[in-house]
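Written out below as C-alpha coordinates is the structure these notes cover.
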Amino acid sequence: MIKFKVKTETREAFYEITLEVQRAVDRSGVSEGICHIYVPHTTAAVLIQEAHDPAVARDIVTHLRRLIPREAGFEHQEDNADSHIKATAVGNTVPVFVEQGKLCLGTWQGVFFCEFDGPRTREVWVKVQG
Amino acid sequence: MIKFKVKTETREAFYEITLEVQRAVDRSGVSEGICHIYVPHTTAAVLIQEAHDPAVARDIVTHLRRLIPREAGFEHQEDNADSHIKATAVGNTVPVFVEQGKLCLGTWQGVFFCEFDGPRTREVWVKVQG
Amino acid sequence: MIKFKVKTETREAFYEITLEVQRAVDRSGVSEGICHIYVPHTTAAVLIQEAHDPAVARDIVTHLRRLIPREAGFEHQEDNADSHIKATAVGNTVPVFVEQGKLCLGTWQGVFFCEFDGPRTREVWVKVQG
(Lines give C-alpha, C1' and ligand atoms only; values in the text may rest on other atoms or scores of the structure.)
Protein backbone atom coordinates (compact mmCIF):
# COMPACT_ATOMS: atom_id res chain seq x y z
CA MET A 1 0.00 0.00 0.00
CA ILE A 2 1.30 3.43 -0.96
CA LYS A 3 0.11 6.49 0.96
CA PHE A 4 0.30 10.18 0.15
CA LYS A 5 -1.00 13.34 1.76
CA VAL A 6 -3.37 16.00 0.50
CA LYS A 7 -3.38 19.38 2.24
CA THR A 8 -6.78 21.02 1.83
CA GLU A 9 -7.27 24.74 2.29
CA THR A 10 -10.97 25.30 2.72
CA ARG A 11 -14.06 23.52 4.10
CA GLU A 12 -15.19 22.15 0.75
CA ALA A 13 -13.21 21.82 -2.46
CA PHE A 14 -11.99 19.20 -4.93
CA TYR A 15 -8.27 18.71 -5.60
CA GLU A 16 -7.01 16.89 -8.66
CA ILE A 17 -4.65 14.06 -7.62
CA THR A 18 -4.19 12.28 -10.96
CA LEU A 19 -0.41 12.91 -10.95
CA GLU A 20 0.02 11.70 -7.37
CA VAL A 21 -1.91 8.51 -8.18
CA GLN A 22 0.17 7.95 -11.36
CA ARG A 23 3.30 8.36 -9.23
CA ALA A 24 2.00 5.63 -6.89
CA VAL A 25 1.47 3.38 -9.92
CA ASP A 26 5.05 4.12 -11.03
CA ARG A 27 6.38 3.21 -7.57
CA SER A 28 4.36 -0.03 -7.52
CA GLY A 29 6.16 -1.28 -10.63
CA VAL A 30 2.89 -2.79 -11.94
CA SER A 31 2.49 -2.39 -15.70
CA GLU A 32 -0.88 -4.11 -16.17
CA GLY A 33 -3.62 -4.31 -13.55
CA ILE A 34 -5.93 -2.23 -11.43
CA CYS A 35 -5.11 0.74 -9.23
CA HIS A 36 -7.43 1.04 -6.24
CA ILE A 37 -7.67 4.50 -4.66
CA TYR A 38 -9.04 4.61 -1.11
CA VAL A 39 -9.79 7.53 1.20
CA PRO A 40 -9.58 6.50 4.90
CA HIS A 41 -11.70 9.45 6.07
CA THR A 42 -15.44 9.77 6.68
CA THR A 43 -15.90 13.41 5.61
CA ALA A 44 -13.89 13.26 2.38
CA ALA A 45 -14.25 11.29 -0.84
CA VAL A 46 -12.57 10.36 -4.12
CA LEU A 47 -14.14 10.94 -7.53
CA ILE A 48 -13.36 10.47 -11.19
CA GLN A 49 -14.75 13.50 -13.02
CA GLU A 50 -13.98 16.13 -15.63
CA ALA A 51 -10.52 17.62 -15.19
CA HIS A 52 -10.62 20.11 -18.08
CA ASP A 53 -13.02 22.80 -16.83
CA PRO A 54 -12.60 23.46 -13.08
CA ALA A 55 -16.14 24.89 -13.04
CA VAL A 56 -17.49 21.32 -13.08
CA ALA A 57 -15.97 20.53 -9.69
CA ARG A 58 -17.23 23.84 -8.29
CA ASP A 59 -20.75 23.14 -9.62
CA ILE A 60 -20.73 19.74 -7.89
CA VAL A 61 -19.63 21.28 -4.57
CA THR A 62 -22.25 24.04 -4.87
CA HIS A 63 -25.08 21.70 -5.73
CA LEU A 64 -24.22 19.22 -2.96
CA ARG A 65 -24.41 22.20 -0.59
CA ARG A 66 -27.93 22.95 -1.84
CA LEU A 67 -29.07 19.35 -1.42
CA ILE A 68 -27.31 18.76 1.90
CA PRO A 69 -27.18 22.04 3.84
CA ARG A 70 -24.86 22.35 6.85
CA GLU A 71 -27.78 23.22 9.12
CA ALA A 72 -30.62 20.74 8.74
CA GLY A 73 -31.40 19.72 12.30
CA PHE A 74 -28.84 16.92 12.42
CA GLU A 75 -28.25 14.77 15.50
CA HIS A 76 -24.45 14.40 15.17
CA GLN A 77 -22.89 17.13 17.34
CA GLU A 78 -19.74 18.12 15.45
CA ASP A 79 -21.29 20.52 12.93
CA ASN A 80 -20.26 18.22 10.09
CA ALA A 81 -23.14 15.77 9.59
CA ASP A 82 -23.52 17.35 6.13
CA SER A 83 -19.87 16.46 5.37
CA HIS A 84 -20.51 12.79 6.21
CA ILE A 85 -23.58 12.74 3.94
CA LYS A 86 -21.76 14.43 1.05
CA ALA A 87 -18.90 11.93 1.38
CA THR A 88 -21.49 9.11 1.34
CA ALA A 89 -23.05 10.43 -1.88
CA VAL A 90 -19.69 10.59 -3.68
CA GLY A 91 -17.99 7.48 -2.25
CA ASN A 92 -14.59 6.83 -0.66
CA THR A 93 -12.96 4.54 -3.21
CA VAL A 94 -12.56 4.03 -6.98
CA PRO A 95 -10.52 1.69 -9.15
CA VAL A 96 -8.71 2.77 -12.32
CA PHE A 97 -7.34 0.32 -14.88
CA VAL A 98 -3.57 0.33 -15.55
CA GLU A 99 -2.05 -0.56 -18.92
CA GLN A 100 1.64 -0.23 -19.87
CA GLY A 101 2.21 1.38 -16.48
CA LYS A 102 -0.27 4.20 -17.10
CA LEU A 103 -3.66 4.99 -15.56
CA CYS A 104 -6.38 4.42 -18.18
CA LEU A 105 -8.62 7.46 -17.87
CA GLY A 106 -11.18 8.72 -20.36
CA THR A 107 -10.31 11.81 -22.40
CA TRP A 108 -11.87 14.27 -19.93
CA GLN A 109 -11.37 12.29 -16.72
CA GLY A 110 -9.14 13.11 -13.77
CA VAL A 111 -8.98 11.75 -10.23
CA PHE A 112 -10.16 14.18 -7.54
CA PHE A 113 -9.81 14.23 -3.78
CA CYS A 114 -13.06 15.70 -2.42
CA GLU A 115 -12.78 17.64 0.83
CA PHE A 116 -16.03 18.22 2.69
CA ASP A 117 -14.76 19.20 6.15
CA GLY A 118 -11.45 20.99 5.73
CA PRO A 119 -9.06 22.56 5.94
CA ARG A 120 -7.06 19.50 7.01
CA THR A 121 -4.13 17.33 6.08
CA ARG A 122 -5.64 14.20 4.59
CA GLU A 123 -4.35 10.81 3.40
CA VAL A 124 -4.99 8.82 0.25
CA TRP A 125 -4.19 5.11 0.13
CA VAL A 126 -3.34 3.38 -3.15
CA LYS A 127 -2.93 -0.31 -3.91
CA VAL A 128 -2.04 -1.56 -7.37
CA GLN A 129 -2.89 -5.17 -8.24
CA GLY A 130 -0.98 -6.78 -11.09
CA MET B 1 -16.92 -16.31 -2.29
CA ILE B 2 -18.01 -16.14 1.33
CA LYS B 3 -21.60 -15.24 2.20
CA PHE B 4 -23.19 -14.15 5.44
CA LYS B 5 -26.65 -12.99 6.46
CA VAL B 6 -27.85 -9.74 7.99
CA LYS B 7 -31.23 -9.72 9.71
CA THR B 8 -32.69 -6.21 9.57
CA GLU B 9 -35.42 -5.08 11.93
CA THR B 10 -36.94 -1.97 10.46
CA ARG B 11 -37.60 -0.37 7.04
CA GLU B 12 -34.48 1.78 7.05
CA ALA B 13 -31.39 1.44 9.22
CA PHE B 14 -27.65 0.89 8.97
CA TYR B 15 -25.99 -2.13 10.63
CA GLU B 16 -22.27 -2.27 11.28
CA ILE B 17 -20.80 -5.44 9.74
CA THR B 18 -17.07 -4.77 10.19
CA LEU B 19 -16.61 -7.85 12.38
CA GLU B 20 -18.48 -10.14 10.00
CA VAL B 21 -16.34 -8.89 7.09
CA GLN B 22 -13.14 -9.37 9.12
CA ARG B 23 -14.29 -12.93 9.86
CA ALA B 24 -14.68 -13.53 6.11
CA VAL B 25 -11.13 -12.26 5.59
CA ASP B 26 -9.93 -14.65 8.32
CA ARG B 27 -11.70 -17.57 6.62
CA SER B 28 -10.21 -16.65 3.22
CA GLY B 29 -6.69 -17.06 4.58
CA VAL B 30 -5.52 -14.05 2.55
CA SER B 31 -3.00 -11.92 4.42
CA GLU B 32 -2.36 -9.23 1.80
CA GLY B 33 -4.84 -8.12 -0.84
CA ILE B 34 -8.24 -6.58 -1.34
CA CYS B 35 -11.55 -7.56 0.25
CA HIS B 36 -14.53 -6.83 -2.00
CA ILE B 37 -17.88 -6.51 -0.25
CA TYR B 38 -20.94 -6.91 -2.46
CA VAL B 39 -24.67 -6.61 -1.70
CA PRO B 40 -26.78 -8.73 -4.10
CA HIS B 41 -29.96 -6.70 -3.40
CA THR B 42 -31.47 -3.69 -5.17
CA THR B 43 -32.99 -1.94 -2.15
CA ALA B 44 -29.99 -2.23 0.18
CA ALA B 45 -26.42 -0.94 0.05
CA VAL B 46 -22.99 -1.12 1.66
CA LEU B 47 -21.12 1.90 2.98
CA ILE B 48 -17.87 2.78 4.71
CA GLN B 49 -18.64 5.54 7.20
CA GLU B 50 -18.09 6.69 10.76
CA ALA B 51 -18.55 3.88 13.28
CA HIS B 52 -17.91 5.88 16.46
CA ASP B 53 -21.05 8.02 16.79
CA PRO B 54 -24.20 6.11 15.73
CA ALA B 55 -25.92 9.49 15.16
CA VAL B 56 -24.00 9.81 11.87
CA ALA B 57 -25.74 6.76 10.38
CA ARG B 58 -29.10 8.02 11.65
CA ASP B 59 -28.49 11.47 10.12
CA ILE B 60 -27.71 9.84 6.75
CA VAL B 61 -30.93 7.78 6.87
CA THR B 62 -32.98 10.83 7.89
CA HIS B 63 -31.54 13.08 5.22
CA LEU B 64 -31.93 10.49 2.45
CA ARG B 65 -35.60 10.30 3.50
CA ARG B 66 -35.90 14.08 3.04
CA LEU B 67 -34.28 13.98 -0.41
CA ILE B 68 -36.04 10.83 -1.60
CA PRO B 69 -39.50 10.63 0.01
CA ARG B 70 -41.42 7.36 -0.09
CA GLU B 71 -44.35 9.03 -1.84
CA ALA B 72 -43.21 11.06 -4.83
CA GLY B 73 -45.46 9.88 -7.65
CA PHE B 74 -43.25 6.94 -8.63
CA GLU B 75 -44.13 4.53 -11.42
CA HIS B 76 -42.80 1.32 -9.80
CA GLN B 77 -45.75 -0.34 -8.03
CA GLU B 78 -44.19 -1.94 -4.96
CA ASP B 79 -44.11 1.11 -2.68
CA ASN B 80 -40.31 0.94 -2.61
CA ALA B 81 -39.10 3.05 -5.54
CA ASP B 82 -37.52 5.33 -2.91
CA SER B 83 -35.58 2.32 -1.54
CA HIS B 84 -34.11 1.61 -4.99
CA ILE B 85 -33.06 5.25 -5.39
CA LYS B 86 -31.50 5.41 -1.90
CA ALA B 87 -29.56 2.20 -2.65
CA THR B 88 -28.40 3.76 -5.93
CA ALA B 89 -27.13 6.86 -4.15
CA VAL B 90 -25.09 4.83 -1.64
CA GLY B 91 -23.89 1.97 -3.87
CA ASN B 92 -23.92 -1.81 -3.56
CA THR B 93 -20.21 -2.62 -3.33
CA VAL B 94 -16.94 -1.37 -1.75
CA PRO B 95 -13.40 -2.71 -1.57
CA VAL B 96 -11.25 -2.57 1.58
CA PHE B 97 -7.49 -3.18 1.57
CA VAL B 98 -6.16 -6.11 3.61
CA GLU B 99 -2.69 -6.12 5.22
CA GLN B 100 -1.35 -8.77 7.61
CA GLY B 101 -4.77 -10.42 7.50
CA LYS B 102 -6.58 -7.32 8.79
CA LEU B 103 -9.00 -4.90 7.09
CA CYS B 104 -7.29 -1.52 6.64
CA LEU B 105 -9.89 0.99 7.75
CA GLY B 106 -9.35 4.63 8.70
CA THR B 107 -9.49 5.56 12.39
CA TRP B 108 -13.20 6.37 12.37
CA GLN B 109 -14.33 4.01 9.59
CA GLY B 110 -16.56 0.96 9.85
CA VAL B 111 -18.39 -1.12 7.23
CA PHE B 112 -22.19 -0.73 7.26
CA PHE B 113 -24.99 -2.71 5.69
CA CYS B 114 -27.65 -0.18 4.67
CA GLU B 115 -31.24 -1.42 4.73
CA PHE B 116 -33.75 0.68 2.80
CA ASP B 117 -36.68 -1.76 2.51
CA GLY B 118 -36.70 -3.97 5.57
CA PRO B 119 -37.28 -5.73 7.75
CA ARG B 120 -35.76 -8.68 5.86
CA THR B 121 -33.07 -11.30 6.01
CA ARG B 122 -30.35 -10.09 3.65
CA GLU B 123 -27.11 -11.48 2.25
CA VAL B 124 -23.65 -9.99 1.95
CA TRP B 125 -21.10 -11.52 -0.43
CA VAL B 126 -17.37 -11.19 0.20
CA LYS B 127 -14.45 -12.08 -2.05
CA VAL B 128 -10.84 -11.59 -0.94
CA GLN B 129 -8.19 -11.34 -3.64
CA GLY B 130 -4.60 -12.05 -2.63
CA MET C 1 -9.08 -4.68 -21.28
CA ILE C 2 -12.18 -5.35 -23.36
CA LYS C 3 -14.20 -2.42 -24.74
CA PHE C 4 -17.69 -2.26 -26.17
CA LYS C 5 -19.94 0.53 -27.37
CA VAL C 6 -23.37 1.66 -26.19
CA LYS C 7 -25.46 3.80 -28.52
CA THR C 8 -27.84 5.95 -26.50
CA GLU C 9 -30.93 7.50 -28.01
CA THR C 10 -32.04 10.23 -25.65
CA ARG C 11 -30.58 12.71 -23.17
CA GLU C 12 -31.20 10.55 -20.11
CA ALA C 13 -31.95 6.83 -19.96
CA PHE C 14 -30.56 3.61 -18.55
CA TYR C 15 -29.60 0.70 -20.84
CA GLU C 16 -29.16 -2.82 -19.54
CA ILE C 17 -25.71 -4.16 -20.54
CA THR C 18 -25.62 -7.39 -18.53
CA LEU C 19 -25.31 -9.52 -21.67
CA GLU C 20 -22.51 -7.39 -23.12
CA VAL C 21 -20.59 -7.61 -19.85
CA GLN C 22 -21.12 -11.40 -19.69
CA ARG C 23 -19.76 -11.61 -23.23
CA ALA C 24 -16.64 -9.71 -22.12
CA VAL C 25 -16.22 -12.23 -19.28
CA ASP C 26 -16.57 -15.06 -21.82
CA ARG C 27 -13.88 -13.50 -24.04
CA SER C 28 -11.53 -13.01 -21.06
CA GLY C 29 -11.51 -16.75 -20.39
CA VAL C 30 -11.54 -16.12 -16.63
CA SER C 31 -13.69 -18.60 -14.74
CA GLU C 32 -13.20 -17.32 -11.19
CA GLY C 33 -12.43 -13.73 -10.25
CA ILE C 34 -13.77 -10.20 -10.43
CA CYS C 35 -15.13 -8.32 -13.42
CA HIS C 36 -14.53 -4.56 -13.19
CA ILE C 37 -16.83 -2.40 -15.31
CA TYR C 38 -15.60 1.14 -15.98
CA VAL C 39 -17.22 4.05 -17.82
CA PRO C 40 -14.58 6.45 -19.26
CA HIS C 41 -17.06 9.34 -19.53
CA THR C 42 -17.90 12.17 -17.11
CA THR C 43 -21.62 12.53 -17.91
CA ALA C 44 -22.52 8.84 -17.84
CA ALA C 45 -22.40 6.15 -15.16
CA VAL C 46 -22.73 2.42 -14.48
CA LEU C 47 -25.14 0.94 -11.96
CA ILE C 48 -26.26 -2.40 -10.63
CA GLN C 49 -30.01 -2.21 -10.08
CA GLU C 50 -33.29 -4.01 -10.64
CA ALA C 51 -33.59 -5.44 -14.14
CA HIS C 52 -37.08 -6.94 -13.82
CA ASP C 53 -39.35 -3.88 -13.81
CA PRO C 54 -38.10 -1.15 -16.20
CA ALA C 55 -40.12 1.39 -14.18
CA VAL C 56 -37.38 1.32 -11.51
CA ALA C 57 -34.78 2.76 -13.91
CA ARG C 58 -37.28 5.38 -15.10
CA ASP C 59 -38.09 6.36 -11.50
CA ILE C 60 -34.37 6.83 -10.78
CA VAL C 61 -33.92 9.04 -13.87
CA THR C 62 -37.02 11.07 -13.00
CA HIS C 63 -36.05 11.59 -9.38
CA LEU C 64 -32.45 12.56 -10.21
CA ARG C 65 -33.95 15.18 -12.53
CA ARG C 66 -35.99 16.57 -9.61
CA LEU C 67 -32.96 16.71 -7.31
CA ILE C 68 -30.52 18.00 -9.94
CA PRO C 69 -32.42 20.18 -12.44
CA ARG C 70 -30.77 21.10 -15.73
CA GLU C 71 -31.16 24.81 -14.99
CA ALA C 72 -29.83 25.67 -11.54
CA GLY C 73 -27.50 28.58 -12.16
CA PHE C 74 -24.46 26.41 -12.88
CA GLU C 75 -21.06 27.87 -13.81
CA HIS C 76 -20.03 25.21 -16.37
CA GLN C 77 -21.04 26.55 -19.80
CA GLU C 78 -22.04 23.43 -21.74
CA ASP C 79 -25.59 23.05 -20.46
CA ASN C 80 -24.69 19.73 -18.88
CA ALA C 81 -23.47 20.52 -15.37
CA ASP C 82 -26.49 18.53 -14.16
CA SER C 83 -25.26 15.51 -16.17
CA HIS C 84 -21.87 15.63 -14.41
CA ILE C 85 -23.57 15.80 -11.01
CA LYS C 86 -25.95 12.92 -11.80
CA ALA C 87 -22.98 10.81 -12.98
CA THR C 88 -21.18 11.67 -9.72
CA ALA C 89 -24.15 10.53 -7.65
CA VAL C 90 -24.35 7.16 -9.41
CA GLY C 91 -20.63 6.44 -9.96
CA ASN C 92 -18.57 5.41 -12.98
CA THR C 93 -17.40 1.93 -11.99
CA VAL C 94 -18.61 -1.28 -10.30
CA PRO C 95 -17.13 -4.73 -9.77
CA VAL C 96 -19.11 -7.96 -10.15
CA PHE C 97 -17.87 -11.33 -8.89
CA VAL C 98 -17.34 -14.13 -11.44
CA GLU C 99 -17.78 -17.82 -10.61
CA GLN C 100 -17.67 -20.69 -13.10
CA GLY C 101 -17.36 -18.12 -15.87
CA LYS C 102 -20.63 -16.39 -14.96
CA LEU C 103 -21.36 -12.96 -13.47
CA CYS C 104 -22.69 -13.40 -9.92
CA LEU C 105 -25.66 -11.07 -9.73
CA GLY C 106 -28.47 -11.08 -7.19
CA THR C 107 -31.87 -12.41 -8.29
CA TRP C 108 -33.19 -9.00 -9.38
CA GLN C 109 -29.91 -7.35 -10.37
CA GLY C 110 -28.75 -6.30 -13.81
CA VAL C 111 -25.91 -4.03 -14.99
CA PHE C 112 -27.03 -0.70 -16.45
CA PHE C 113 -25.27 1.93 -18.51
CA CYS C 114 -26.65 5.29 -17.33
CA GLU C 115 -26.74 8.05 -19.94
CA PHE C 116 -27.13 11.59 -18.61
CA ASP C 117 -26.09 13.65 -21.64
CA GLY C 118 -27.08 11.73 -24.77
CA PRO C 119 -27.78 10.81 -27.38
CA ARG C 120 -24.19 9.67 -28.02
CA THR C 121 -22.10 6.65 -28.83
CA ARG C 122 -20.43 5.69 -25.56
CA GLU C 123 -17.79 3.18 -24.46
CA VAL C 124 -17.68 0.72 -21.61
CA TRP C 125 -14.37 -0.77 -20.48
CA VAL C 126 -14.20 -4.18 -18.80
CA LYS C 127 -11.29 -5.90 -17.09
CA VAL C 128 -11.62 -9.36 -15.58
CA GLN C 129 -9.10 -10.37 -12.90
CA GLY C 130 -8.61 -14.06 -12.29
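A note on labels: chains of the C-alpha coordinates are A, B, ... as shown, every chain counts residues from 1, and ligands are counted from 1 in their shown order.
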
Can you write out as CSV which residues of chain B fall within 9 Å of chain C, alongside each residue's closest atom pair and its distance in Å to one decimal, counting only C-alpha atoms and ordering rows by chain and ascending residue number?
```
residue,atom,partner,partner_atom,distance
B:Met1,CA,C:Phe97,CA,8.3
B:His36,CA,C:Pro95,CA,8.5
B:Tyr38,CA,C:Val96,CA,8.0
B:Val39,CA,C:Gly106,CA,8.0
B:Pro40,CA,C:Gly106,CA,4.2
B:His41,CA,C:Gly106,CA,6.0
B:Thr42,CA,C:Gln49,CA,5.3
B:Thr43,CA,C:Gln49,CA,8.5
B:Leu67,CA,C:Leu67,CA,7.5
B:Ile68,CA,C:His63,CA,7.8
B:Ala72,CA,C:His63,CA,8.5
B:Phe74,CA,C:Asp59,CA,5.9
B:Glu75,CA,C:Ala55,CA,5.8
B:His76,CA,C:Ala55,CA,5.1
B:Gln77,CA,C:Ala55,CA,8.5
B:Ala81,CA,C:Val56,CA,6.5
B:Asp82,CA,C:Ile60,CA,8.6
B:His84,CA,C:Val56,CA,7.3
B:Ile85,CA,C:Ile60,CA,5.8
B:Ala87,CA,C:Gln49,CA,8.7
B:Thr88,CA,C:Val90,CA,6.3
B:Ala89,CA,C:Ala89,CA,5.9
B:Val90,CA,C:Val90,CA,8.2
B:Gly91,CA,C:Val90,CA,7.6
B:Asn92,CA,C:Ile48,CA,7.5
B:Thr93,CA,C:Val94,CA,7.3
B:Val94,CA,C:Pro95,CA,8.7
B:Lys127,CA,C:Phe97,CA,7.7
B:Gln129,CA,C:Gly33,CA,8.2
```

Going by DSSP on the backbone, which bits of stretch 12-125 of chain C are helix (DSSP H, G or I)? Write them as a VMD selection string, please. chain C and resid 18 to 28 54 to 67 81 to 90

In Å, rounded to a single decimal, give me how far atom CA of A:Ala44 is from atom CA of A:Val21.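 Rounded to one decimal, the two atoms are 16.7 Å apart.
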
Would you mind reading off the distance between atom CA of C:Leu103 and atom CA of C:Leu19, one decimal, in Å? 9.7 Å

Taking 6 positions as the minimum chain separation for residues in the same chain, which residues sit within 12 Å of C:Thr8 when counting only C-alpha atoms? Answer as a list in words.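 Close residues of C:Thr8: Phe14, Tyr15, Glu16, Ile17, Ala44, Phe113, Cys114, Glu115, Phe116, Asp117, Gly118, Pro119, Arg120, Thr121, Arg122 and Glu123 of chain C.
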
From C:Ala13, C:Ile2, C:Ala45, C:Val111, residue lying nearest C:Ser28 [only C-alpha atoms]: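 Using only C-alpha atoms, the shortest distance to C:Ser28 belongs to C:Ile2.
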
Using DSSP assignments from the backbone, pull out every residue in chain A that falls under strand (DSSP E or B) and give it to me as number ranges by chain. A: 2-7, 13-16, 33-38, 44-50, 93-99, 102-103, 109-115, 121-129

Spatial neighbours of B:Val25, max dist 8 Å, only C-alpha atoms, sep filter under 2 positions, as an NGL selection string: :B and (21-23 or 27-30 or 35 or 101-103 or 128)

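Taking atom CA of A:Val124 and atom CA of A:Thr10 as the two end points, the separation is 17.7 Å.
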